[in-house]
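Engineer: Data: data.txt, compact mmCIF, C-alpha atoms and all ligand atoms.
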```
# COMPACT_ATOMS: atom_id res chain seq x y z
CA MET H 93 0.00 0.00 0.00
CA GLU H 94 1.21 3.52 -0.74
CA PRO H 95 2.04 5.72 2.27
CA VAL H 96 -0.58 7.85 3.98
CA LEU H 97 0.47 11.47 4.47
CA ILE H 98 -0.11 12.68 8.04
CA LEU H 99 0.25 16.43 8.54
CA TYR H 100 -0.02 18.52 11.67
CA ALA H 101 -0.43 22.22 12.36
CA SER H 102 0.26 22.78 16.04
CA GLN H 103 1.17 25.66 18.35
CA THR H 104 1.87 23.92 21.64
CA GLY H 105 2.26 20.32 20.55
CA THR H 106 -1.17 18.73 21.06
CA ALA H 107 -1.94 18.22 17.37
CA GLU H 108 1.63 17.07 16.85
CA GLU H 109 1.30 14.47 19.62
CA LEU H 110 -1.97 13.17 18.15
CA ALA H 111 -0.44 13.04 14.66
CA LYS H 112 2.43 10.94 16.00
CA ASP H 113 -0.06 8.73 17.82
CA ILE H 114 -2.14 7.98 14.72
CA ASN H 115 1.12 7.56 12.81
CA SER H 116 2.21 4.79 15.22
CA GLN H 117 -1.24 3.21 15.19
CA LEU H 118 -1.19 2.96 11.40
CA ASN H 119 2.34 1.59 11.32
CA GLU H 120 1.38 -1.02 13.92
CA VAL H 121 -1.26 -2.42 11.58
CA GLY H 122 1.16 -2.37 8.66
CA ILE H 123 0.04 0.83 6.96
CA PRO H 124 3.00 2.91 5.78
CA THR H 125 3.00 6.64 6.53
CA VAL H 126 4.86 9.90 6.11
CA CYS H 127 4.32 12.24 9.07
CA ASN H 128 5.26 15.92 8.82
CA ASP H 129 4.75 19.34 10.32
CA VAL H 130 3.06 21.50 7.65
CA TYR H 131 5.96 23.87 8.31
CA ASP H 132 8.21 21.37 6.53
CA CYS H 133 5.79 20.68 3.73
CA LYS H 134 4.93 22.37 0.43
CA ILE H 135 1.35 22.27 -0.78
CA SER H 136 2.61 20.48 -3.92
CA ALA H 137 3.21 17.43 -1.67
CA LEU H 138 -0.58 17.03 -1.49
CA LYS H 139 -0.50 16.04 -5.17
CA GLN H 140 1.75 13.09 -4.44
CA TYR H 141 -0.57 11.19 -2.12
CA THR H 142 -3.96 9.50 -2.27
CA PHE H 143 -4.60 9.72 1.49
CA CYS H 144 -3.94 12.66 3.81
CA LEU H 145 -4.81 13.06 7.48
CA LEU H 146 -4.52 16.63 8.71
CA LEU H 147 -4.59 17.52 12.41
CA ALA H 148 -4.78 21.25 13.04
CA SER H 149 -5.32 23.49 16.03
CA THR H 150 -6.70 27.04 16.00
CA TRP H 151 -4.92 30.00 17.63
CA GLY H 152 -5.25 33.71 18.24
CA GLU H 153 -8.74 34.61 17.15
CA GLY H 154 -9.45 31.86 14.67
CA GLU H 155 -5.98 31.73 13.18
CA PRO H 156 -3.67 28.89 12.23
CA PRO H 157 -0.66 28.10 14.44
CA ASP H 158 2.34 30.33 13.63
CA ASP H 159 4.30 27.56 11.92
CA ALA H 160 1.32 26.67 9.76
CA GLU H 161 0.67 30.12 8.32
CA GLU H 162 2.77 29.73 5.20
CA PHE H 163 1.22 26.39 4.21
CA TYR H 164 -2.29 27.62 5.08
CA ASN H 165 -1.95 30.84 3.08
CA ALA H 166 -0.37 29.02 0.14
CA LEU H 167 -3.27 26.58 0.06
CA GLU H 168 -5.80 29.41 0.29
CA GLU H 169 -4.16 31.16 -2.66
CA ALA H 170 -3.78 28.02 -4.81
CA LYS H 171 -7.29 28.14 -6.23
CA GLU H 172 -6.22 26.13 -9.29
CA LEU H 173 -4.54 23.30 -7.37
CA ASP H 174 -6.20 20.07 -8.46
CA LEU H 175 -6.46 17.65 -5.56
CA SER H 176 -9.06 15.40 -7.15
CA GLN H 177 -6.80 12.36 -6.47
CA LEU H 178 -6.82 13.08 -2.72
CA ARG H 179 -8.91 11.48 0.01
CA PHE H 180 -8.53 13.38 3.25
CA ALA H 181 -9.71 13.68 6.82
CA VAL H 182 -9.31 16.74 9.05
CA PHE H 183 -9.18 16.52 12.83
CA GLY H 184 -9.51 20.05 14.21
CA LEU H 185 -8.42 20.95 17.74
CA GLY H 186 -9.97 23.90 19.48
CA ASP H 187 -11.88 25.22 22.43
CA SER H 188 -15.55 26.13 22.14
CA GLY H 189 -14.94 28.90 24.69
CA TYR H 190 -13.45 30.90 21.79
CA ASP H 191 -15.68 32.70 19.30
CA GLU H 192 -13.91 31.25 16.27
CA PHE H 193 -14.22 27.63 17.31
CA ASN H 194 -11.96 25.40 15.25
CA GLU H 195 -11.69 27.95 12.44
CA CYS H 196 -8.36 26.62 11.21
CA GLY H 197 -9.59 23.01 10.96
CA LYS H 198 -12.77 24.21 9.28
CA ASN H 199 -10.81 26.20 6.71
CA PHE H 200 -8.36 23.40 5.96
CA ASP H 201 -11.29 21.05 5.44
CA ARG H 202 -13.00 23.58 3.16
CA MET H 203 -9.88 24.33 1.13
CA LEU H 204 -9.07 20.67 0.52
CA ALA H 205 -12.64 19.99 -0.59
CA GLU H 206 -12.77 23.10 -2.80
CA ARG H 207 -9.66 21.85 -4.61
CA GLY H 208 -11.31 18.56 -5.41
CA GLY H 209 -10.32 16.38 -2.45
CA GLN H 210 -12.86 13.83 -1.19
CA ARG H 211 -13.55 13.50 2.51
CA MET H 212 -12.84 10.08 4.01
CA LEU H 213 -14.83 11.18 7.06
CA PRO H 214 -16.69 14.32 8.10
CA ARG H 215 -14.42 16.91 9.76
CA VAL H 216 -14.03 16.56 13.51
CA ASP H 217 -14.29 19.78 15.52
CA CYS H 218 -12.72 18.56 18.72
CA ASP H 219 -13.24 20.55 21.90
CA ILE H 220 -11.12 20.42 25.07
CA ASP H 221 -12.01 16.76 25.74
CA ILE H 222 -9.79 15.18 23.16
CA ASP H 223 -9.26 11.53 24.04
CA GLY H 224 -12.73 10.18 23.19
CA PRO H 225 -13.17 11.93 19.83
CA PHE H 226 -9.59 11.10 18.85
CA GLU H 227 -10.02 7.43 19.63
CA ILE H 228 -13.23 7.24 17.58
CA TRP H 229 -11.65 9.14 14.67
CA GLY H 230 -8.51 6.97 14.74
CA ASN H 231 -10.54 3.77 14.74
CA GLN H 232 -12.65 4.96 11.80
CA ILE H 233 -9.55 5.92 9.83
CA ILE H 234 -7.85 2.58 10.49
CA GLU H 235 -11.01 0.68 9.59
CA GLN H 236 -11.27 2.49 6.24
CA LEU H 237 -7.62 2.10 5.33
CA ARG H 238 -7.51 -1.58 6.30
CA ALA H 239 -10.56 -2.27 4.16
CA LEU H 240 -8.70 -1.17 1.03
CA PRO H 241 -7.63 -3.88 -1.37
CA ALA H 242 -3.95 -4.77 -0.82
C1 LIG H 301 -4.05 31.96 23.24
C2 LIG H 301 -4.97 30.87 22.71
C3 LIG H 301 -5.81 31.16 21.66
C4 LIG H 301 -6.70 30.17 21.17
N1 LIG H 301 -7.59 30.50 20.19
C5 LIG H 301 -8.51 29.58 19.80
C6 LIG H 301 -9.52 29.90 18.83
O1 LIG H 301 -9.61 31.03 18.31
N2 LIG H 301 -10.41 28.94 18.48
C7 LIG H 301 -10.38 27.68 19.02
O2 LIG H 301 -11.24 26.85 18.66
N3 LIG H 301 -9.44 27.33 19.93
C8 LIG H 301 -8.50 28.24 20.33
N4 LIG H 301 -7.55 27.89 21.26
C9 LIG H 301 -7.52 26.51 21.81
C10 LIG H 301 -6.46 25.60 21.12
O3 LIG H 301 -6.74 25.41 19.75
C11 LIG H 301 -6.46 24.24 21.81
O4 LIG H 301 -5.97 24.39 23.12
C12 LIG H 301 -5.67 23.18 21.07
O5 LIG H 301 -5.86 21.91 21.66
C13 LIG H 301 -4.17 23.48 21.02
O6 LIG H 301 -3.52 22.54 20.21
P1 LIG H 301 -1.95 22.66 19.87
O7 LIG H 301 -1.21 22.38 21.14
O8 LIG H 301 -1.70 21.58 18.85
O9 LIG H 301 -1.66 24.00 19.31
C14 LIG H 301 -6.68 28.86 21.75
C15 LIG H 301 -5.79 28.60 22.80
C16 LIG H 301 -4.96 29.57 23.30
C17 LIG H 301 -4.06 29.25 24.47
```
Written as structure tokens, how would this file's structure read?
Ligand SMILES: Cc1cc2nc3c(=O)[nH]c(=O)nc-3n(C[C@H](O)[C@H](O)[C@H](O)COP(=O)(O)O)c2cc1C

Structural biologist:
Amino acid sequence: MEPVLILYASQTGTAEELAKDINSQLNEVGIPTVCNDVYDCKISALKQYTFCLLLASTWGEGEPPDDAEEFYNALEEAKELDLSQLRFAVFGLGDSGYDEFNECGKNFDRMLAERGGQRMLPRVDCDIDIDGPFEIWGNQIIEQLRALPA
């Protein structure tokens, strides 16, 4: 099976930790992965994969993490980028105490879909209780990927 791209956009490490967790879970069941900070990734990389998991937190007042700004803005500007080969799932991390709840995850999910990507699962807008939603999301992702023909 071709590798699954796992990307994270994180300010204080929570999304990064979850990305590394799902990375290990996939590897444990024999699914190859590439796991990167969006800071180290160009949007053109999205063209090279069939599956992408994106875990992103929201900062400031509905903004992406600092290290994610370049990737986020590049994706927003790349209106012509054709991602019709891509199947993706976004796990957003936020806090519903903020007005712009999960804005970064919502925008990533929107941008990937607007460029032709197909959702593997509906976007998750995760609030401060993370463990339960993350476990459910991870299990759904693994179930889908394991069901693929070898
Ligand atoms: C200063 C600050 C600003 C934040 N702004 C938002 C926000 O606008 N919307 C939101 O949903 N969550 C917001 N959050 C919550 C974070 O997204 C949440 O704590 C997340 O789990 C952090 O993940 P990270 O460690 O990967 O960056 C904010 C948190 C802090 C401390």

Engineer: Pull the closest atom pair for each residue of chain H that gets at most 7 Å from ligand LIG 301 (chain H), along with the distance in Å to one decimal, counting all atoms listed in the file, ordering rows by chain and then ascending residue number, as JSON lines.

Structural biologist:
```
{"residue": "H:Ala101", "atom": "CA", "partner": "H:LIG301", "partner_atom": "O8", "distance": 6.6}
{"residue": "H:Ser102", "atom": "CA", "partner": "H:LIG301", "partner_atom": "O8", "distance": 3.6}
{"residue": "H:Gln103", "atom": "CA", "partner": "H:LIG301", "partner_atom": "O9", "distance": 3.4}
{"residue": "H:Thr104", "atom": "CA", "partner": "H:LIG301", "partner_atom": "O7", "distance": 3.5}
{"residue": "H:Gly105", "atom": "CA", "partner": "H:LIG301", "partner_atom": "O7", "distance": 4.1}
{"residue": "H:Thr106", "atom": "CA", "partner": "H:LIG301", "partner_atom": "O8", "distance": 3.6}
{"residue": "H:Ala107", "atom": "CA", "partner": "H:LIG301", "partner_atom": "O8", "distance": 3.7}
{"residue": "H:Glu108", "atom": "CA", "partner": "H:LIG301", "partner_atom": "O8", "distance": 6.0}
{"residue": "H:Ala148", "atom": "CA", "partner": "H:LIG301", "partner_atom": "O8", "distance": 6.6}
{"residue": "H:Ser149", "atom": "CA", "partner": "H:LIG301", "partner_atom": "O3", "distance": 4.4}
{"residue": "H:Thr150", "atom": "CA", "partner": "H:LIG301", "partner_atom": "O3", "distance": 4.1}
{"residue": "H:Trp151", "atom": "CA", "partner": "H:LIG301", "partner_atom": "N1", "distance": 3.7}
{"residue": "H:Gly152", "atom": "CA", "partner": "H:LIG301", "partner_atom": "C3", "distance": 4.3}
{"residue": "H:Glu153", "atom": "CA", "partner": "H:LIG301", "partner_atom": "O1", "distance": 3.9}
{"residue": "H:Gly154", "atom": "CA", "partner": "H:LIG301", "partner_atom": "O1", "distance": 3.7}
{"residue": "H:Glu155", "atom": "CA", "partner": "H:LIG301", "partner_atom": "O1", "distance": 6.3}
{"residue": "H:Pro157", "atom": "CA", "partner": "H:LIG301", "partner_atom": "O9", "distance": 6.4}
{"residue": "H:Leu185", "atom": "CA", "partner": "H:LIG301", "partner_atom": "O5", "distance": 4.8}
{"residue": "H:Gly186", "atom": "CA", "partner": "H:LIG301", "partner_atom": "O2", "distance": 3.3}
{"residue": "H:Asp187", "atom": "CA", "partner": "H:LIG301", "partner_atom": "N3", "distance": 4.1}
{"residue": "H:Ser188", "atom": "CA", "partner": "H:LIG301", "partner_atom": "O2", "distance": 5.6}
{"residue": "H:Tyr190", "atom": "CA", "partner": "H:LIG301", "partner_atom": "N2", "distance": 4.9}
{"residue": "H:Asp191", "atom": "CA", "partner": "H:LIG301", "partner_atom": "O1", "distance": 6.4}
{"residue": "H:Glu192", "atom": "CA", "partner": "H:LIG301", "partner_atom": "N2", "distance": 4.7}
{"residue": "H:Phe193", "atom": "CA", "partner": "H:LIG301", "partner_atom": "O2", "distance": 3.4}
{"residue": "H:Asn194", "atom": "CA", "partner": "H:LIG301", "partner_atom": "O2", "distance": 3.8}
{"residue": "H:Glu195", "atom": "CA", "partner": "H:LIG301", "partner_atom": "N2", "distance": 6.3}
{"residue": "H:Ile220", "atom": "CA", "partner": "H:LIG301", "partner_atom": "O5", "distance": 6.4}
```

Engineer: Within 7 Å of (-9.4, 15.6, -5.4) in the file's own coordinates, which protein, DNA or RNA residues have an atom, counting only C-alpha atoms? List them as a JSON list (two decimals) with C-alpha atoms, keeping the file's coordinate frame.

Structural biologist:
```json
[["chain", "number", "residue", "atom", "x", "y", "z"],
["H", 174, "ASP", "CA", -6.20, 20.07, -8.46],
["H", 175, "LEU", "CA", -6.46, 17.65, -5.56],
["H", 176, "SER", "CA", -9.06, 15.40, -7.15],
["H", 177, "GLN", "CA", -6.80, 12.36, -6.47],
["H", 178, "LEU", "CA", -6.82, 13.08, -2.72],
["H", 179, "ARG", "CA", -8.91, 11.48, 0.01],
["H", 207, "ARG", "CA", -9.66, 21.85, -4.61],
["H", 208, "GLY", "CA", -11.31, 18.56, -5.41],
["H", 209, "GLY", "CA", -10.32, 16.38, -2.45],
["H", 210, "GLN", "CA", -12.86, 13.83, -1.19]]
```

Engineer: Point out the residue among H:Ile234, H:Leu167, H:Leu145, H:Leu204 with the least atom-to-atom distance to Tyr100 of chain H, counting all atoms listed in the file.

Structural biologist: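 Closest residue, counting all atoms listed in the file: H:Leu145.
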
Engineer: With all atoms listed in the file as the atoms that count, which of H:Ala111, H:Ile123, H:Met203, H:Val216 lies nearest to Met93 of chain H?

Structural biologist: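 Using all atoms listed in the file, the shortest distance to Met93 of chain H belongs to H:Ile123.
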
Engineer: What is the atom CA of Ala170 of chain H to atom CA of Thr142 of chain H distance in Å?

Structural biologist: 18.7 Å

Engineer: For Ala160 of chain H, which of H:Gly189, H:Glu172, H:Phe183, H:Phe200 is the closest residue, counting only C-alpha atoms?

Structural biologist: H:Phe200

Engineer: In Å, how far is it from atom CA of Glu169 of chain H to atom CA of Val182 of chain H?

Structural biologist: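 Atom CA of Glu169 of chain H sits 19.3 Å away from atom CA of Val182 of chain H.
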
Engineer: One decimal, Å: what's the distance from atom CA of Glu227 of chain H over to atom CA of Ile135 of chain H, could you say?

Structural biologist: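 Computing it gives 27.7 Å between the two atoms.
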
Engineer: Could you check which of H:Leu97, H:Cys196, H:Leu118, H:Cys144 is closest to Glu235 of chain H, using all atoms listed in the file?

Structural biologist: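 Answer, going by the shortest atom-to-atom distance: H:Leu118.
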
Engineer: With distances taken over only C-alpha atoms, which residue among H:Ile114, H:Leu138, H:Leu237, H:Val126 lies nearest Met212 of chain H?

Structural biologist: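 Nearest candidate to Met212 of chain H out of H:Ile114, H:Leu138, H:Leu237, H:Val126: H:Leu237.
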
Engineer: Check the smallest atom-to-atom distance from each of H:Pro95, H:Pro124, H:Gly184, H:Pro241 to Cys218 of chain H using all atoms listed in the file, then report the winner.

Structural biologist: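 Using all atoms listed in the file, Cys218 of chain H sits closest to H:Gly184.
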
Engineer: How would segment 211-237 of chain H read, as a short mmCIF file (atom, residue, chain, number, x, y, z; two decimals), in the coordinates of the input, once N, CA and C atoms are built in?

Structural biologist:
```cif
data_model
loop_
_atom_site.label_atom_id
_atom_site.label_comp_id
_atom_site.auth_asym_id
_atom_site.auth_seq_id
_atom_site.Cartn_x
_atom_site.Cartn_y
_atom_site.Cartn_z
N ARG H 211 -13.67 13.80 1.08
CA ARG H 211 -13.55 13.50 2.51
C ARG H 211 -13.67 12.00 2.78
N MET H 212 -12.72 11.47 3.54
CA MET H 212 -12.84 10.08 4.01
C MET H 212 -13.89 10.02 5.11
N LEU H 213 -13.92 11.07 5.92
CA LEU H 213 -14.83 11.18 7.06
C LEU H 213 -15.23 12.64 7.19
N PRO H 214 -16.37 12.92 7.81
CA PRO H 214 -16.69 14.32 8.10
C PRO H 214 -15.62 14.92 9.03
N ARG H 215 -15.38 16.21 8.89
CA ARG H 215 -14.42 16.91 9.76
C ARG H 215 -14.80 16.72 11.24
N VAL H 216 -13.78 16.58 12.07
CA VAL H 216 -14.03 16.56 13.51
C VAL H 216 -13.65 17.93 14.08
N ASP H 217 -14.59 18.55 14.78
CA ASP H 217 -14.29 19.78 15.52
C ASP H 217 -14.15 19.39 16.98
N CYS H 218 -12.93 19.09 17.37
CA CYS H 218 -12.72 18.56 18.72
C CYS H 218 -12.59 19.71 19.72
N ASP H 219 -13.27 19.56 20.82
CA ASP H 219 -13.24 20.55 21.90
C ASP H 219 -12.18 20.12 22.92
N ILE H 220 -12.22 20.66 24.13
CA ILE H 220 -11.12 20.42 25.07
C ILE H 220 -11.03 18.96 25.55
N ASP H 221 -12.12 18.20 25.44
CA ASP H 221 -12.01 16.76 25.74
C ASP H 221 -11.59 16.05 24.46
N ILE H 222 -10.37 15.64 24.42
CA ILE H 222 -9.79 15.18 23.16
C ILE H 222 -9.79 13.65 23.02
N ASP H 223 -9.55 12.97 24.13
CA ASP H 223 -9.26 11.53 24.04
C ASP H 223 -10.37 10.73 23.35
N GLY H 224 -11.61 10.95 23.76
CA GLY H 224 -12.73 10.18 23.19
C GLY H 224 -12.87 10.40 21.69
N PRO H 225 -13.03 11.68 21.27
CA PRO H 225 -13.17 11.93 19.83
C PRO H 225 -11.97 11.43 19.01
N PHE H 226 -10.78 11.54 19.59
CA PHE H 226 -9.59 11.10 18.85
C PHE H 226 -9.58 9.59 18.68
N GLU H 227 -10.01 8.89 19.73
CA GLU H 227 -10.02 7.43 19.63
C GLU H 227 -11.03 6.97 18.57
N ILE H 228 -12.20 7.62 18.57
CA ILE H 228 -13.23 7.24 17.58
C ILE H 228 -12.72 7.53 16.17
N TRP H 229 -12.16 8.74 15.99
CA TRP H 229 -11.65 9.14 14.67
C TRP H 229 -10.57 8.16 14.21
N GLY H 230 -9.62 7.87 15.09
CA GLY H 230 -8.51 6.97 14.74
C GLY H 230 -9.03 5.60 14.32
N ASN H 231 -10.00 5.10 15.07
CA ASN H 231 -10.54 3.77 14.74
C ASN H 231 -11.23 3.78 13.38
N GLN H 232 -11.96 4.88 13.10
CA GLN H 232 -12.65 4.96 11.80
C GLN H 232 -11.64 5.03 10.65
N ILE H 233 -10.58 5.80 10.87
CA ILE H 233 -9.55 5.92 9.83
C ILE H 233 -8.90 4.56 9.57
N ILE H 234 -8.53 3.87 10.64
CA ILE H 234 -7.85 2.58 10.49
C ILE H 234 -8.77 1.57 9.80
N GLU H 235 -10.03 1.59 10.20
CA GLU H 235 -11.01 0.68 9.59
C GLU H 235 -11.09 0.91 8.07
N GLN H 236 -11.18 2.18 7.68
CA GLN H 236 -11.27 2.49 6.24
C GLN H 236 -10.01 2.07 5.50
N LEU H 237 -8.86 2.38 6.06
CA LEU H 237 -7.62 2.10 5.33
C LEU H 237 -7.36 0.59 5.26
#
```
